Amino acid sequence: MTPTSSIQPTATEIETELLAFLHGRGKVEVAPDTDLFASGAVTSLFSLELVTHVEAAYGVAVVGDELRMDNFRSVRAMVGLIERLRATCETEPSHG
Amino acid sequence: MEEQDKSLVAVLGAGVMGVGIAALALGHGVPVVLVDVDDRVLEKAARDVPLRIRQGQLLGKLPRTTDLPPLTTSTSLEAAAAATVVIEAVVEMPEVKAKVLRAVSESVAPGTPLVSNTSGIPIDELAGHTLRPSDVLGAHFMNPPYLIRTVEVIRGPRTTDEALDPALRLLTSLDRESIVVGDGAGFVINRVLQRMINESARIVQEGIATHEEVDALFQGCLGHRTGPLATADLIGLDNVVDSLRVLHTRTGDAGFDPCELLLSKVGTGDFGRKTGRGFYAYES
Ligand SMILES: NC(=O)c1ccc[n+]([C@@H]2O[C@H](COP(=O)([O-])OP(=O)(O)OC[C@H]3O[C@@H](n4cnc5c(N)ncnc54)[C@H](O)[C@@H]3O)[C@@H](O)[C@H]2O)c1
């Protein structure tokens, strides 16, 4: 455990925050596993805003192969992406 | 890739379409120089192009590479002199296009394809303003150019294979599907589409149906993905009015005379998506 990881939000907290973002900014009510694109809740124009939000709020960079709709298809998928990206960020400094 | 290594695309005009065309080329590894008369427009374009590329990648419509070639911006047409292909996307005003195409034809190497993204000005008319009419052709990209694969390519009566072929090769290297058609005001798409938008707006103006009802009919009954008035908002109502005027003056067909409702929206600055309001309201 590094000191930074203890102040980072848990998966549940991320989930709550993303649902609030979708409610406030996207004006949609969804469940954590709602398919945002199939349900029409998120348009392709708004999808880029989701990416920018995830990056700004969680200090991760979504680039290359991770920049795909499947990673943003549901709140649960986004939580998975954020945790995966944070895990790689945290392990990197210990190598150097 | 070899083709792309020596390519440099000059995009003239950094508005809605110029930004989209620049994103398409850069996203496929082709360097771009983007020219506009307005410095602030270029600053905004330099911020928007990377976002458009990310959107294309997110949607799986552009390769997911992080290794992108440089975007250069300039307020001087001289910056386009070294281009291997020029794509003109300035405002749909015949006199502005004539001036820009003339100037760029004086600075690029002979044989460099001069491609206009005009919505409907006959290619031969534009070609007539340049030093070498044989180098001029049309490529009518749809908006957004990096999401829509098919491009309406226009061969003017004086366009030669020497200009058409390298332009088609560039489009292929950008993963576009080209459909080459003949010349004439509005070509294929806009001869039909602009008329349809004008008529739809006139229907709303006459109180026969609301804009939502018009669009819902085209979507529900004819399976159109977007109705004509939402499409007009996406194009930009200012551009729709300019295009209608081009078509009206060149065909004499009163159906292209822009209706009052379109003119009043443009008059009050409601240009559609790009200003946040047109037939519909949009969030910033
Ligand atoms: N908007 C669409 O959906 C669409 C689709 C296909 C084709 N087109 C055509 O593409 C062209 C551009 O349309 P747009 O929607 O991007 O318009 P726009 O108004 O968004 O952008 C036009 C740009 O041209 C610039 N400009 C004006 N004079 C110039 C000059 N002398 N040199 C360099 N730049 C100059 C303006 O500053 C502006 O930034 C038009 O011919 C239009 O008809 C538009």
# chains A, B, ... in the order shown; residues from 1 in each chain; ligands from 1
call {"tool": "residues_near_ligand", "arguments": {"ligand": "ligand 1", "cutoff": "7 Å", "atoms": "only C-alpha atoms and all ligand atoms", "output": "number ranges by chain"}}
result
B: 12-18, 35-38, 41, 89-92, 96, 100, 117-119, 140-143, 234-236, 239, 243
call {"tool": "write_last_selection", "arguments": {"atoms": "C-alpha atoms", "output": "short mmCIF file (atom, residue, chain, number, x, y, z; two decimals), in the first residue's frame"}}
result
data_model
loop_
_atom_site.label_atom_id
_atom_site.label_comp_id
_atom_site.auth_asym_id
_atom_site.auth_seq_id
_atom_site.Cartn_x
_atom_site.Cartn_y
_atom_site.Cartn_z
CA LEU B 12 -7.52 26.05 -46.63
CA GLY B 13 -10.18 27.25 -44.18
CA ALA B 14 -10.19 26.06 -40.56
CA GLY B 15 -13.93 26.04 -39.91
CA VAL B 16 -16.21 23.05 -39.33
CA MET B 17 -14.99 21.18 -42.42
CA GLY B 18 -11.34 22.28 -42.42
CA VAL B 35 -4.56 27.96 -43.34
CA ASP B 36 -7.19 30.52 -42.32
CA VAL B 37 -7.46 34.32 -42.39
CA ASP B 38 -8.45 34.42 -38.73
CA VAL B 41 -10.05 30.42 -35.65
CA ALA B 89 -12.66 24.48 -47.46
CA VAL B 90 -13.22 28.24 -47.06
CA VAL B 91 -16.71 29.78 -46.84
CA GLU B 92 -19.22 28.92 -49.60
CA VAL B 96 -13.83 34.18 -51.80
CA VAL B 100 -8.17 31.76 -52.65
CA ASN B 117 -14.82 20.98 -50.83
CA THR B 118 -17.52 23.27 -52.23
CA SER B 119 -21.09 22.25 -51.49
CA HIS B 140 -17.38 16.95 -51.29
CA PHE B 141 -16.71 15.45 -47.85
CA MET B 142 -19.62 14.90 -45.51
CA ASN B 143 -19.58 16.27 -41.97
CA LEU B 234 -25.28 20.03 -38.23
CA ILE B 235 -24.22 21.59 -41.54
CA GLY B 236 -24.70 25.16 -40.21
CA ASN B 239 -23.75 27.56 -44.88
CA SER B 243 -25.36 27.02 -50.67
#
call {"tool": "residues_around", "arguments": {"residues": "B:Pro50", "least_positions_apart": "3", "cutoff": "10 Å", "atoms": "only C-alpha atoms", "output": "PyMOL selection string"}}
result
chain B and resi 19+22-23+26-27+45-47+53-56+68+71
call {"tool": "write_last_selection", "arguments": {"atoms": "N, CA, C and O atoms", "output": "CSV table (one decimal), in the first residue's frame"}}
result
chain,number,residue,atom,x,y,z
B,19,VAL,N,-11.4,21.7,-40.1
B,19,VAL,CA,-10.9,21.0,-38.9
B,19,VAL,C,-11.1,19.5,-39.0
B,19,VAL,O,-10.3,18.7,-38.7
B,22,ALA,N,-8.7,18.0,-41.6
B,22,ALA,CA,-7.3,18.0,-41.0
B,22,ALA,C,-7.2,16.8,-40.1
B,22,ALA,O,-6.3,16.0,-40.1
B,23,ALA,N,-8.3,16.6,-39.3
B,23,ALA,CA,-8.3,15.4,-38.3
B,23,ALA,C,-8.2,14.1,-39.1
B,23,ALA,O,-7.5,13.2,-38.7
B,26,LEU,N,-4.5,13.8,-40.6
B,26,LEU,CA,-3.5,13.5,-39.5
B,26,LEU,C,-3.7,12.2,-38.8
B,26,LEU,O,-2.8,11.4,-38.5
B,27,GLY,N,-5.0,11.9,-38.7
B,27,GLY,CA,-5.4,10.6,-38.0
B,27,GLY,C,-4.9,9.4,-38.8
B,27,GLY,O,-4.8,8.3,-38.3
B,45,ALA,N,-8.9,25.8,-33.8
B,45,ALA,CA,-8.7,24.6,-34.6
B,45,ALA,C,-7.6,23.7,-34.1
B,45,ALA,O,-7.7,22.5,-34.0
B,46,ALA,N,-6.5,24.4,-33.6
B,46,ALA,CA,-5.4,23.6,-33.0
B,46,ALA,C,-5.8,22.8,-31.8
B,46,ALA,O,-5.3,21.8,-31.5
B,47,ARG,N,-6.8,23.4,-31.1
B,47,ARG,CA,-7.3,22.6,-29.9
B,47,ARG,C,-8.3,21.6,-30.3
B,47,ARG,O,-8.4,20.5,-29.7
B,53,ILE,N,-9.7,13.9,-33.6
B,53,ILE,CA,-8.9,12.6,-33.8
B,53,ILE,C,-9.3,11.6,-32.7
B,53,ILE,O,-9.5,10.4,-33.0
B,54,ARG,N,-9.3,12.1,-31.5
B,54,ARG,CA,-9.6,11.2,-30.4
B,54,ARG,C,-11.0,10.6,-30.5
B,54,ARG,O,-11.3,9.4,-30.3
B,55,GLN,N,-12.0,11.5,-31.0
B,55,GLN,CA,-13.3,11.0,-31.2
B,55,GLN,C,-13.4,9.9,-32.3
B,55,GLN,O,-14.0,8.9,-32.1
B,56,GLY,N,-12.6,10.1,-33.4
B,56,GLY,CA,-12.6,9.1,-34.4
B,56,GLY,C,-12.0,7.8,-33.9
B,56,GLY,O,-12.4,6.7,-34.3
B,68,LEU,N,1.2,10.7,-34.0
B,68,LEU,CA,0.6,11.5,-35.1
B,68,LEU,C,1.6,12.5,-35.7
B,68,LEU,O,2.4,13.1,-35.0
B,71,LEU,N,0.7,19.1,-37.0
B,71,LEU,CA,-0.3,20.0,-37.6
B,71,LEU,C,0.4,21.4,-37.5
B,71,LEU,O,0.8,21.9,-36.5
call {"tool": "interface_residues", "arguments": {"of": "chain B", "to": "chain A", "cutoff": "7 Å", "atoms": "only C-alpha atoms", "output": "PyMOL selection string"}}
result
chain B and resi 55+57-60+64-66
call {"tool": "select_by_dssp", "arguments": {"residues": "chain A", "states": "helix (DSSP H, G or I)", "output": "number ranges by chain"}}
result
A: 3-7, 11-24, 44-58, 64-66, 69-72, 75-95
call {"tool": "residues_around", "arguments": {"residues": "B:Glu206", "least_positions_apart": "6", "cutoff": "12 Å", "atoms": "only C-alpha atoms", "output": "VMD selection string"}}
result
chain B and resid 199 to 200 259 to 261
call {"tool": "write_last_selection", "arguments": {"atoms": "C-alpha atoms", "output": "mmCIF file, in the first residue's frame"}}
result
data_model
loop_
_atom_site.group_PDB
_atom_site.id
_atom_site.type_symbol
_atom_site.label_atom_id
_atom_site.label_comp_id
_atom_site.auth_asym_id
_atom_site.auth_seq_id
_atom_site.Cartn_x
_atom_site.Cartn_y
_atom_site.Cartn_z
ATOM 1 C CA GLU B 199 -38.669 22.741 -48.433
ATOM 2 C CA SER B 200 -38.678 21.273 -44.894
ATOM 3 C CA CYS B 259 -37.043 30.591 -47.322
ATOM 4 C CA GLU B 260 -37.830 33.306 -44.757
ATOM 5 C CA LEU B 261 -37.453 31.030 -41.739
#
call {"tool": "residues_around", "arguments": {"residues": "B:Asp39", "least_positions_apart": "5", "cutoff": "9 Å", "atoms": "only C-alpha atoms", "output": "list in words"}}
result
Lys44, Ser74 and Thr75 of chain B
call {"tool": "write_last_selection", "arguments": {"atoms": "N, CA, C and O atoms", "output": "PDB file, in the first residue's frame"}}
result
ATOM      1  N   LYS B  44      -8.354  27.962 -32.132  1.00  0.00           N
ATOM      2  CA  LYS B  44      -9.418  27.022 -31.758  1.00  0.00           C
ATOM      3  C   LYS B  44      -9.242  25.706 -32.521  1.00  0.00           C
ATOM      4  O   LYS B  44      -9.395  24.627 -31.958  1.00  0.00           O
ATOM      5  N   SER B  74      -1.307  28.410 -40.192  1.00  0.00           N
ATOM      6  CA  SER B  74      -0.742  29.651 -40.721  1.00  0.00           C
ATOM      7  C   SER B  74      -1.852  30.566 -41.234  1.00  0.00           C
ATOM      8  O   SER B  74      -2.898  30.098 -41.678  1.00  0.00           O
ATOM      9  N   THR B  75      -1.600  31.865 -41.176  1.00  0.00           N
ATOM     10  CA  THR B  75      -2.547  32.811 -41.784  1.00  0.00           C
ATOM     11  C   THR B  75      -2.069  33.202 -43.188  1.00  0.00           C
ATOM     12  O   THR B  75      -2.697  34.024 -43.843  1.00  0.00           O
TER      13      THR B  75
END
call {"tool": "atom_distance", "arguments": {"atom1": "atom CA of B:Gly156", "atom2": "atom CA of B:Leu131"}}
result
15.2 Å
call {"tool": "residues_around", "arguments": {"residues": "B:Ile197", "least_positions_apart": "4", "cutoff": "9 Å", "atoms": "only C-alpha atoms", "output": "PyMOL selection string"}}
result
chain B and resi 192-193+201-202+228-229+231-232+240
call {"tool": "write_last_selection", "arguments": {"atoms": "C-alpha atoms", "output": "PDB file, in the first residue's frame"}}
result
ATOM      1  CA  VAL B 192     -31.283  17.085 -53.726  1.00  0.00           C
ATOM      2  CA  LEU B 193     -30.388  17.746 -50.058  1.00  0.00           C
ATOM      3  CA  ALA B 201     -38.009  24.721 -43.412  1.00  0.00           C
ATOM      4  CA  ARG B 202     -40.801  26.149 -45.569  1.00  0.00           C
ATOM      5  CA  PRO B 228     -33.493  17.131 -42.753  1.00  0.00           C
ATOM      6  CA  LEU B 229     -33.673  19.920 -40.165  1.00  0.00           C
ATOM      7  CA  THR B 231     -29.017  17.736 -40.663  1.00  0.00           C
ATOM      8  CA  ALA B 232     -29.297  21.446 -41.487  1.00  0.00           C
ATOM      9  CA  VAL B 240     -27.142  26.182 -45.975  1.00  0.00           C
TER      10      VAL B 240
END
